[in-house]
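Student: What follows is query32.txt, compact mmCIF, C-alpha atoms and all ligand atoms.
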```txt
# COMPACT_ATOMS: atom_id res chain seq x y z
CA MET A 1 152.49 -20.88 125.91
CA TYR A 2 153.11 -18.18 123.36
CA THR A 3 155.33 -15.32 124.40
CA THR A 4 157.54 -12.74 122.74
CA ASP A 5 161.26 -12.99 123.37
CA LEU A 6 162.12 -9.52 124.60
CA SER A 7 165.82 -10.11 125.05
CA LYS A 8 166.33 -7.97 121.94
CA PRO A 9 163.69 -5.24 122.13
CA GLY A 10 162.17 -4.54 118.73
CA SER A 11 163.35 -7.76 117.14
CA ALA A 12 160.33 -9.89 118.03
CA LYS A 13 157.81 -10.48 115.28
CA VAL A 14 154.27 -11.83 115.35
CA GLN A 15 153.97 -15.26 113.72
CA PRO A 16 152.61 -14.88 110.19
CA ILE A 17 149.31 -16.54 109.41
CA GLY A 18 150.15 -20.12 108.44
CA PRO A 19 150.11 -21.04 104.74
CA ALA A 20 147.87 -24.00 105.60
CA GLU A 21 144.92 -21.73 106.35
CA ASP A 22 142.07 -21.88 103.88
CA PRO A 23 141.91 -18.49 102.11
CA ALA A 24 138.10 -18.61 101.89
CA LEU A 25 137.77 -19.22 105.63
CA LEU A 26 140.30 -16.50 106.34
CA GLU A 27 138.45 -14.04 104.13
CA ALA A 28 135.12 -14.82 105.82
CA PHE A 29 136.75 -14.42 109.23
CA GLU A 30 138.30 -11.06 108.30
CA ALA A 31 134.94 -9.86 106.98
CA ARG A 32 133.19 -10.76 110.24
CA VAL A 33 135.82 -8.92 112.26
CA ALA A 34 135.56 -5.90 109.96
CA ALA A 35 131.77 -5.91 110.45
CA ASP A 36 132.31 -5.82 114.24
CA GLU A 37 130.78 -9.24 114.82
CA PHE A 38 131.99 -11.18 117.82
CA ILE A 39 134.01 -14.31 117.13
CA GLU A 40 132.80 -17.15 119.38
CA PRO A 41 134.68 -20.23 120.67
CA LYS A 42 133.30 -22.70 118.12
CA ASP A 43 133.80 -20.38 115.14
CA TRP A 44 136.68 -20.92 112.76
CA MET A 45 139.60 -18.61 113.51
CA PRO A 46 143.18 -18.34 112.24
CA GLU A 47 145.68 -20.12 114.49
CA ALA A 48 147.61 -16.88 115.02
CA TYR A 49 144.41 -15.20 116.28
CA ARG A 50 143.84 -18.07 118.71
CA ARG A 51 147.48 -17.88 119.86
CA THR A 52 147.58 -14.14 120.42
CA LEU A 53 144.28 -14.19 122.33
CA THR A 54 145.39 -17.11 124.50
CA ARG A 55 148.58 -15.21 125.24
CA GLN A 56 146.87 -11.92 126.06
CA ILE A 57 143.92 -13.30 128.04
CA SER A 58 146.01 -15.74 130.07
CA GLN A 59 148.54 -13.02 130.89
CA HIS A 60 145.69 -10.74 131.84
CA ALA A 61 144.35 -13.48 134.16
CA HIS A 62 147.80 -13.98 135.72
CA SER A 63 148.03 -10.22 136.31
CA GLU A 64 144.77 -10.23 138.23
CA ILE A 65 145.91 -13.13 140.40
CA VAL A 66 149.47 -11.94 141.05
CA GLY A 67 147.98 -8.46 141.47
CA MET A 68 146.23 -9.62 144.64
CA LEU A 69 149.57 -9.91 146.43
CA PRO A 70 150.73 -6.28 146.81
CA GLU A 71 147.39 -5.19 148.28
CA GLY A 72 146.67 -8.44 150.13
CA ASN A 73 149.81 -7.60 152.07
CA TRP A 74 147.97 -4.62 153.64
CA ILE A 75 144.62 -6.17 154.58
CA THR A 76 145.63 -6.86 158.19
CA ARG A 77 147.21 -3.41 158.52
CA ALA A 78 144.45 -1.26 156.98
CA PRO A 79 143.95 1.73 159.31
CA SER A 80 140.24 1.20 160.10
CA LEU A 81 137.53 -1.45 159.91
CA ARG A 82 135.95 0.40 156.96
CA ARG A 83 139.24 0.45 155.04
CA LYS A 84 139.83 -3.21 155.84
CA ALA A 85 136.37 -4.25 154.56
CA ILE A 86 136.82 -2.24 151.35
CA LEU A 87 140.29 -3.61 150.68
CA LEU A 88 139.17 -7.16 151.36
CA ALA A 89 136.31 -6.77 148.87
CA LYS A 90 138.64 -5.28 146.27
CA VAL A 91 141.21 -8.06 146.54
CA GLN A 92 138.41 -10.64 146.28
CA ASP A 93 137.16 -8.88 143.14
CA GLU A 94 140.61 -9.32 141.58
CA ALA A 95 140.40 -13.08 142.24
CA GLY A 96 137.03 -13.09 140.47
CA HIS A 97 138.51 -11.24 137.49
CA GLY A 98 141.28 -13.82 137.25
CA LEU A 99 138.73 -16.62 137.23
CA TYR A 100 136.52 -15.12 134.50
CA LEU A 101 139.63 -14.56 132.41
CA TYR A 102 141.00 -18.09 132.86
CA CYS A 103 137.55 -19.37 131.78
CA ALA A 104 137.61 -17.10 128.71
CA ALA A 105 141.11 -18.32 127.80
CA GLU A 106 140.08 -21.97 128.30
CA THR A 107 137.45 -21.56 125.56
CA LEU A 108 140.39 -21.22 123.14
CA GLY A 109 141.62 -24.71 123.94
CA THR A 110 144.35 -24.31 126.58
CA SER A 111 143.67 -25.82 129.99
CA ARG A 112 143.83 -23.89 133.24
CA GLU A 113 146.61 -26.25 134.43
CA GLN A 114 148.72 -25.43 131.36
CA MET A 115 148.28 -21.71 131.95
CA ILE A 116 149.15 -21.94 135.65
CA GLU A 117 152.15 -24.11 134.86
CA ALA A 118 153.36 -21.46 132.40
CA LEU A 119 153.04 -18.78 135.10
CA HIS A 120 154.83 -20.82 137.75
CA SER A 121 157.67 -21.84 135.45
CA GLY A 122 158.26 -18.21 134.44
CA LYS A 123 157.26 -18.80 130.79
CA ALA A 124 154.14 -16.65 130.92
CA LYS A 125 154.24 -12.94 131.64
CA TYR A 126 152.07 -10.88 133.96
CA SER A 127 151.91 -7.11 134.33
CA THR A 128 155.23 -5.53 135.31
CA ILE A 129 153.44 -3.31 137.82
CA PHE A 130 153.01 -6.11 140.35
CA ASN A 131 156.75 -6.56 140.75
CA TYR A 132 157.05 -3.39 142.83
CA PRO A 133 156.65 -3.47 146.64
CA THR A 134 153.91 -1.77 148.69
CA LEU A 135 155.89 0.04 151.36
CA THR A 136 153.27 2.16 153.16
CA TRP A 137 149.48 2.49 153.43
CA ALA A 138 149.68 5.34 150.89
CA ASP A 139 150.73 2.74 148.30
CA ILE A 140 147.24 1.25 148.58
CA GLY A 141 145.80 4.64 147.62
CA ALA A 142 148.27 4.93 144.73
CA ILE A 143 147.52 1.43 143.43
CA GLY A 144 143.76 1.94 143.39
CA TRP A 145 144.02 5.36 141.83
CA LEU A 146 146.84 4.81 139.33
CA VAL A 147 147.09 1.05 138.70
CA ASP A 148 143.35 0.41 138.57
CA GLY A 149 142.97 3.72 136.71
CA ALA A 150 145.45 2.55 134.05
CA ALA A 151 143.76 -0.87 133.97
CA ILE A 152 140.34 0.71 133.27
CA MET A 153 141.80 2.85 130.50
CA ASN A 154 143.10 -0.33 128.86
CA GLN A 155 140.05 -2.47 129.61
CA VAL A 156 137.20 -0.20 128.52
CA PRO A 157 138.12 -0.67 124.82
CA LEU A 158 138.52 -4.42 125.49
CA GLN A 159 134.76 -4.57 126.12
CA ARG A 160 134.58 -4.26 122.32
CA THR A 161 137.39 -6.68 121.56
CA SER A 162 136.52 -9.07 118.73
CA TYR A 163 136.50 -12.28 120.82
CA GLY A 164 133.10 -12.66 122.51
CA PRO A 165 134.05 -14.36 125.81
CA TYR A 166 136.86 -11.83 126.47
CA ALA A 167 134.62 -8.85 125.65
CA ARG A 168 131.84 -10.09 127.94
CA ALA A 169 134.22 -10.77 130.83
CA MET A 170 135.44 -7.19 130.52
CA VAL A 171 132.01 -5.66 131.11
CA ARG A 172 131.81 -6.76 134.72
CA VAL A 173 135.53 -6.30 135.30
CA CYS A 174 135.28 -2.65 134.21
CA LYS A 175 132.38 -1.95 136.56
CA GLU A 176 134.35 -3.32 139.49
CA GLU A 177 137.54 -1.54 138.45
CA SER A 178 135.69 1.78 138.58
CA PHE A 179 134.89 1.15 142.23
CA HIS A 180 138.55 0.20 142.81
CA GLN A 181 139.79 3.38 141.21
CA ARG A 182 137.42 5.55 143.25
CA GLN A 183 138.42 3.93 146.54
CA GLY A 184 142.11 4.44 145.70
CA TYR A 185 141.56 8.07 144.78
CA GLU A 186 139.60 8.62 147.98
CA ILE A 187 142.46 7.21 150.10
CA SER A 188 144.91 9.39 148.16
CA MET A 189 142.73 12.48 148.60
CA GLN A 190 142.41 11.97 152.35
CA LEU A 191 146.13 11.46 152.83
CA ALA A 192 147.07 14.36 150.53
CA ARG A 193 144.81 16.63 152.58
CA GLY A 194 145.86 15.18 155.92
CA THR A 195 148.78 16.04 158.22
CA PRO A 196 152.09 17.14 156.64
CA GLU A 197 153.45 13.64 157.34
CA GLN A 198 150.47 11.99 155.60
CA LYS A 199 150.85 14.31 152.63
CA ARG A 200 154.56 13.52 152.41
CA MET A 201 153.78 9.80 152.52
CA MET A 202 151.20 10.16 149.72
CA GLN A 203 153.56 12.19 147.54
CA ASP A 204 156.25 9.56 148.04
CA ALA A 205 153.88 6.74 146.99
CA PHE A 206 152.76 8.79 143.98
CA ASN A 207 156.40 9.34 142.97
CA ARG A 208 157.13 5.61 143.11
CA TRP A 209 153.97 4.41 141.25
CA TRP A 210 153.69 7.06 138.53
CA TRP A 211 156.29 5.78 136.06
CA PRO A 212 155.57 2.05 136.53
CA SER A 213 151.87 2.89 135.88
CA LEU A 214 152.78 4.46 132.53
CA MET A 215 154.75 1.30 131.70
CA MET A 216 151.63 -0.84 132.22
CA PHE A 217 150.43 0.16 128.74
CA GLY A 218 153.33 -1.72 127.16
CA PRO A 219 156.20 -0.67 124.89
CA PRO A 220 155.86 2.31 122.54
CA ASP A 221 153.87 1.51 119.39
CA ASP A 222 156.94 1.51 117.16
CA ASN A 223 158.48 -1.16 119.41
CA SER A 224 155.36 -3.23 120.05
CA PRO A 225 155.53 -6.44 118.01
CA ASN A 226 151.86 -7.38 118.55
CA THR A 227 149.97 -4.10 118.21
CA ALA A 228 149.60 -3.82 114.42
CA GLN A 229 148.11 -7.30 113.96
CA SER A 230 145.98 -7.05 117.12
CA MET A 231 144.55 -3.74 115.88
CA ARG A 232 143.74 -5.31 112.49
CA TRP A 233 141.93 -8.17 114.19
CA ARG A 234 140.23 -5.73 116.58
CA ILE A 235 141.62 -7.57 119.58
CA LYS A 236 143.07 -4.21 120.60
CA ARG A 237 140.98 -1.16 119.81
CA GLU A 238 143.55 1.46 120.76
CA THR A 239 147.31 1.32 120.72
CA ASN A 240 149.63 1.33 123.72
CA ASP A 241 150.69 4.96 123.15
CA GLU A 242 147.13 6.20 122.59
CA LEU A 243 145.96 4.71 125.87
CA ARG A 244 149.03 5.95 127.75
CA GLN A 245 148.37 9.49 126.52
CA LYS A 246 144.72 9.33 127.59
CA PHE A 247 145.76 8.11 131.04
CA VAL A 248 148.21 10.98 131.49
CA ASP A 249 145.64 13.54 130.34
CA ILE A 250 143.03 12.30 132.81
CA THR A 251 145.33 11.68 135.76
CA VAL A 252 147.40 14.89 135.84
CA PRO A 253 144.39 17.12 136.71
CA GLN A 254 143.36 14.58 139.38
CA ALA A 255 146.82 14.91 140.97
CA GLU A 256 146.65 18.70 140.81
CA PHE A 257 143.19 18.69 142.36
CA ILE A 258 144.46 16.95 145.50
CA GLY A 259 147.67 18.98 145.62
CA LEU A 260 150.21 16.38 144.50
CA THR A 261 153.11 17.06 142.15
CA VAL A 262 153.58 14.77 139.15
CA PRO A 263 157.20 13.51 139.36
CA ASP A 264 158.04 14.61 135.82
CA PRO A 265 159.91 17.89 135.23
CA ASP A 266 159.17 17.63 131.49
CA LEU A 267 155.39 17.43 131.90
CA LYS A 268 153.79 20.27 129.98
CA TRP A 269 150.37 21.01 128.50
CA ASN A 270 150.52 21.05 124.71
CA GLU A 271 147.76 23.30 123.44
CA GLU A 272 148.13 22.17 119.84
CA LYS A 273 147.64 18.46 120.52
CA GLY A 274 145.19 19.07 123.35
CA GLY A 275 147.14 16.82 125.70
CA TYR A 276 150.21 16.71 127.90
CA ASP A 277 153.75 16.16 126.67
CA PHE A 278 155.57 14.03 129.18
CA GLY A 279 159.14 12.96 129.91
CA ALA A 280 160.95 9.88 128.63
CA ILE A 281 159.95 6.55 130.13
CA ASP A 282 162.82 4.37 131.32
CA TRP A 283 162.30 1.46 128.89
CA GLU A 284 165.39 -0.30 130.16
CA GLU A 285 163.70 -0.61 133.53
CA PHE A 286 160.53 -1.89 131.82
CA TYR A 287 162.35 -4.60 129.85
CA SER A 288 164.32 -5.73 132.86
CA VAL A 289 161.10 -6.05 134.93
CA VAL A 290 159.40 -7.93 132.06
CA LYS A 291 162.31 -10.35 132.08
CA GLY A 292 161.71 -11.12 135.75
CA GLU A 293 164.17 -8.73 137.37
CA GLY A 294 161.60 -6.54 139.14
CA PRO A 295 162.28 -5.54 142.78
CA VAL A 296 159.97 -8.24 144.24
CA ALA A 297 159.51 -10.54 141.21
CA LYS A 298 160.94 -13.59 142.96
CA GLU A 299 158.75 -13.10 146.03
CA ARG A 300 155.66 -12.84 143.83
CA ILE A 301 156.22 -16.10 141.97
CA THR A 302 157.31 -17.91 145.13
CA ALA A 303 154.08 -16.79 146.84
CA ARG A 304 151.98 -18.06 143.90
CA ARG A 305 153.80 -21.41 143.75
CA GLU A 306 153.46 -21.91 147.51
CA ALA A 307 149.75 -21.07 147.42
CA TRP A 308 149.27 -23.62 144.61
CA GLU A 309 151.16 -26.35 146.46
CA LYS A 310 149.87 -25.73 149.99
CA ASN A 311 146.27 -25.57 148.82
CA ALA A 312 146.39 -28.71 146.66
CA TRP A 313 144.08 -30.33 149.24
CA VAL A 314 141.28 -27.92 148.27
CA ARG A 315 141.45 -29.03 144.63
CA GLU A 316 141.65 -32.69 145.69
CA ALA A 317 138.67 -32.36 148.05
CA ALA A 318 136.59 -30.65 145.35
CA GLN A 319 137.46 -33.42 142.87
CA ALA A 320 136.65 -36.17 145.43
CA HIS A 321 133.33 -34.49 146.18
CA GLU A 322 132.48 -34.28 142.48
CA ALA A 323 133.46 -37.95 141.94
CA LYS A 324 131.17 -39.01 144.83
CA LYS A 325 128.31 -36.97 143.37
CA GLN A 326 128.77 -38.56 139.95
CA ALA A 327 128.97 -42.07 141.47
CA ARG A 328 125.74 -41.46 143.41
CA LYS A 329 124.05 -40.18 140.28
CA ALA A 330 125.18 -43.23 138.28
CA ALA A 331 123.92 -45.61 141.00
CA ALA A 332 120.48 -43.94 141.26
N1 LIG A 401 153.90 -6.08 131.70
O1 LIG A 401 153.51 -6.12 121.56
P1 LIG A 401 153.09 -5.68 122.90
C1 LIG A 401 144.67 -5.19 137.24
C2 LIG A 401 154.71 -7.67 126.92
S1 LIG A 401 145.44 -6.38 136.28
C3 LIG A 401 154.39 -7.27 131.26
O2 LIG A 401 152.67 -4.28 123.05
P2 LIG A 401 150.39 -6.61 123.40
C4 LIG A 401 144.79 -5.22 138.67
C5 LIG A 401 153.62 -8.24 126.03
O3 LIG A 401 152.85 -9.20 126.73
C6 LIG A 401 145.11 -5.87 134.64
N2 LIG A 401 154.54 -7.57 129.95
O4 LIG A 401 151.98 -6.71 123.43
C7 LIG A 401 144.91 -6.42 139.34
C8 LIG A 401 154.44 -8.81 124.89
O5 LIG A 401 155.04 -10.03 125.26
P3 LIG A 401 154.36 -11.44 124.83
C9 LIG A 401 146.28 -6.05 133.75
C10 LIG A 401 154.16 -6.61 129.07
O6 LIG A 401 149.86 -7.85 123.99
C11 LIG A 401 145.10 -6.44 140.72
C12 LIG A 401 155.58 -7.82 124.79
O7 LIG A 401 155.66 -7.13 126.03
N3 LIG A 401 145.86 -5.67 132.42
O8 LIG A 401 144.05 -4.35 136.69
O9 LIG A 401 149.90 -6.23 122.06
C13 LIG A 401 145.15 -5.26 141.45
C14 LIG A 401 155.39 -6.82 123.67
O10 LIG A 401 154.27 -5.95 123.95
C15 LIG A 401 153.64 -5.38 129.48
C16 LIG A 401 146.08 -6.45 131.35
O11 LIG A 401 146.65 -7.51 131.43
C17 LIG A 401 153.53 -5.12 130.85
N4 LIG A 401 153.07 -3.96 131.33
O12 LIG A 401 150.05 -5.36 124.37
C18 LIG A 401 145.00 -4.05 140.78
C19 LIG A 401 145.55 -5.93 130.03
N5 LIG A 401 153.37 -4.65 128.37
O13 LIG A 401 153.00 -11.49 125.43
C20 LIG A 401 144.80 -4.02 139.41
C21 LIG A 401 145.47 -6.94 128.92
C22 LIG A 401 153.71 -5.42 127.33
O14 LIG A 401 154.26 -11.43 123.34
N6 LIG A 401 146.64 -6.91 128.06
N7 LIG A 401 154.20 -6.59 127.75
O15 LIG A 401 155.28 -12.46 125.37
C23 LIG A 401 146.82 -5.99 127.10
O16 LIG A 401 146.01 -5.10 126.90
C24 LIG A 401 148.05 -6.12 126.23
O17 LIG A 401 148.52 -7.45 126.33
C25 LIG A 401 149.18 -5.11 126.62
C26 LIG A 401 150.41 -5.41 125.74
C27 LIG A 401 148.72 -3.70 126.34
C28 LIG A 401 149.58 -5.26 128.07
```
Translate this file's structure into structure tokens.
Ligand code: BYC
Tutor:
Amino acid sequence: MYTTDLSKPGSAKVQPIGPAEDPALLEAFEARVAADEFIEPKDWMPEAYRRTLTRQISQHAHSEIVGMLPEGNWITRAPSLRRKAILLAKVQDEAGHGLYLYCAAETLGTSREQMIEALHSGKAKYSTIFNYPTLTWADIGAIGWLVDGAAIMNQVPLQRTSYGPYARAMVRVCKEESFHQRQGYEISMQLARGTPEQKRMMQDAFNRWWWPSLMMFGPPDDNSPNTAQSMRWRIKRETNDELRQKFVDITVPQAEFIGLTVPDPDLKWNEEKGGYDFGAIDWEEFYSVVKGEGPVAKERITARREAWEKNAWVREAAQAHEAKKQARKAAA
């Protein structure tokens, strides 16, 4: 698996395009990307393009799958049958997103087993946000509203990413994420307008999820080793900082509307830029969570490994069933 060593922030560099690549093929590829054509699995592509996409799509898939854990933890404790049914559907949607994304990554030539192995061995990354615990029911509101809200902000431009299978997977994912964001905002709204204790609980969840949500967009552009090349290849359509700013500008009025206070004393509307200025993000915290030191990072990976091992029988049964079907077909 291809990952950036973040032990020295800022020092990581994207692999240059290999000298072995045919300049004519490279030129034709660049021209197709510049003309906004989709690149498809059987098309020629530079190895570095294949590597960066495999890295990003597989990490995206891992995020969807690990991302089921914080909310899955609340399904049995949702406060009503309606909330339980909605949460169950949402968590199932995340599993579906993971599966489309693993399929999209497989078209680049890495097997699902290799990707899962990289996740379980700690080689592959997944979004930092899922290494924080869900302490109260209000966290489920905050995740839907903020985490899915940040995810949509990042994923809408990915519907126009240059690699066809990734772009197409994003179309359905974005539709479902919109529903997720709305359900989270609705929970948050109800709690924020509920009893003083409910409002306090919602404000507390908002305080804990705000900063980690801003970190979801990745390091600042001047410290993001992959952004420049990914923008050139139209894998990314907007930079980490551009998307983070858009998220802040959309979310602050939503918080004000339901009477919550953004936990940032430096937050201020900037008339000139037409957006909010906001306080400094704790990048040390971000890098330590990326490196696997998040508050519940060990629990998350242990849960994934256990699920893989305990449910091996499902994979074996599916394979045995398929083998029987093939044998019957061959005998007919
Ligand atoms: N967490 O050069 P950069 C969901 C890594 S799930 C961890 O800016 P890039 C949901 C980055 O990977 C949706 N690592 O990289 C599910 C790179 O290391 P590698 C999740 C991070 O790729 C369930 C290094 O830092 N969304 O919605 O150009 C329930 C340098 O960064 C993070 C996606 O996965 C991070 N936050 O840009 C609820 C979106 N940020 O890979 C909701 C798809 C950075 O070289 N991914 N790193 O070893 C992307 O759009 C891009 O990969 C990123 C980073 C914007 C995240």
Student: Give me, please, the distance in Å between atom CA of Thr54 of chain A and atom CA of Thr110 of chain A, quoted to one decimal.
Tutor: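 Spanning atom CA of Thr54 of chain A to atom CA of Thr110 of chain A is a straight-line distance of 7.6 Å.
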Student: Which residues are near Gln59 of chain A? Cut-off 9 Å, all atoms listed in the file, ignore same chain within fewer than 2 positions. Put them as a PyMOL selection string.
Tutor: chain A and resi 54-57+61-64+115+119+124-127
Student: Taking all atoms listed in the file and a cut-off of 6 Å, can you tell me which residues surround ligand LIG 401 (chain A), written as a PyMOL selection string?
Tutor: chain A and resi 3-4+55-56+59-60+63-64+67-68+94+125-128+147-148+151+154+215-219+224-227+240+290
Student: Could you name the residues that touch segment 200-213 of chain A at 10 Å or less, counting all atoms listed in the file, but leaving out those on the same chain fewer than 2 positions away, as a ChimeraX atom specification?
Tutor: /A:128-143,145-151,187-198,215-218,244,247-248,251,255,259-264,279-282,285-286,289
Student: Report as a list in words all protein, DNA and RNA residues lying within 9 Å of segment 156-164 of chain A, evaluated on all atoms listed in the file, omitting residues in the same chain fewer than 6 positions from it.
Tutor: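 Selected residues are Val33, Asp36, Glu37, Phe38, Ile39, Glu40, Pro41, Leu53, Ala104, Met170, Val171, Cys174, Trp233, Arg234, Ile235, Lys236, Arg237 and Glu238 of chain A.
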Student: Give the answer as one residue: which of A:Ile152, A:Pro295, A:Ser58, A:Gln229 has the shortest atom-to-atom distance to Ser111 of chain A, using all atoms listed in the file?
Tutor: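 Smallest distance to Ser111 of chain A is found for A:Ser58.
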Student: As an exercise, work out the distance from atom CA of Arg82 of chain A to atom CA of Leu69 of chain A in Å and give it to one decimal place.
Tutor: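 Going from atom CA of Arg82 of chain A over to atom CA of Leu69 of chain A covers 20.1 Å.
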Student: Rounded to one decimal in Å, what is the spacing between atom CA of Gly275 of chain A and atom CA of Gln245 of chain A?
Tutor: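 Here the two named atoms are 7.5 Å from each other.
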Student: Which one is closest to His120 of chain A: A:Ala105, A:Ile258, A:Ala24, A:Val66? Count all atoms listed in the file.
Tutor: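 Residue with the minimum atom-to-atom distance to His120 of chain A: A:Val66.
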Student: So, counting only C-alpha atoms, which residue among A:Arg50, A:Arg32, A:Lys268, A:His180 is closest to Asp93 of chain A?
Tutor: A:His180
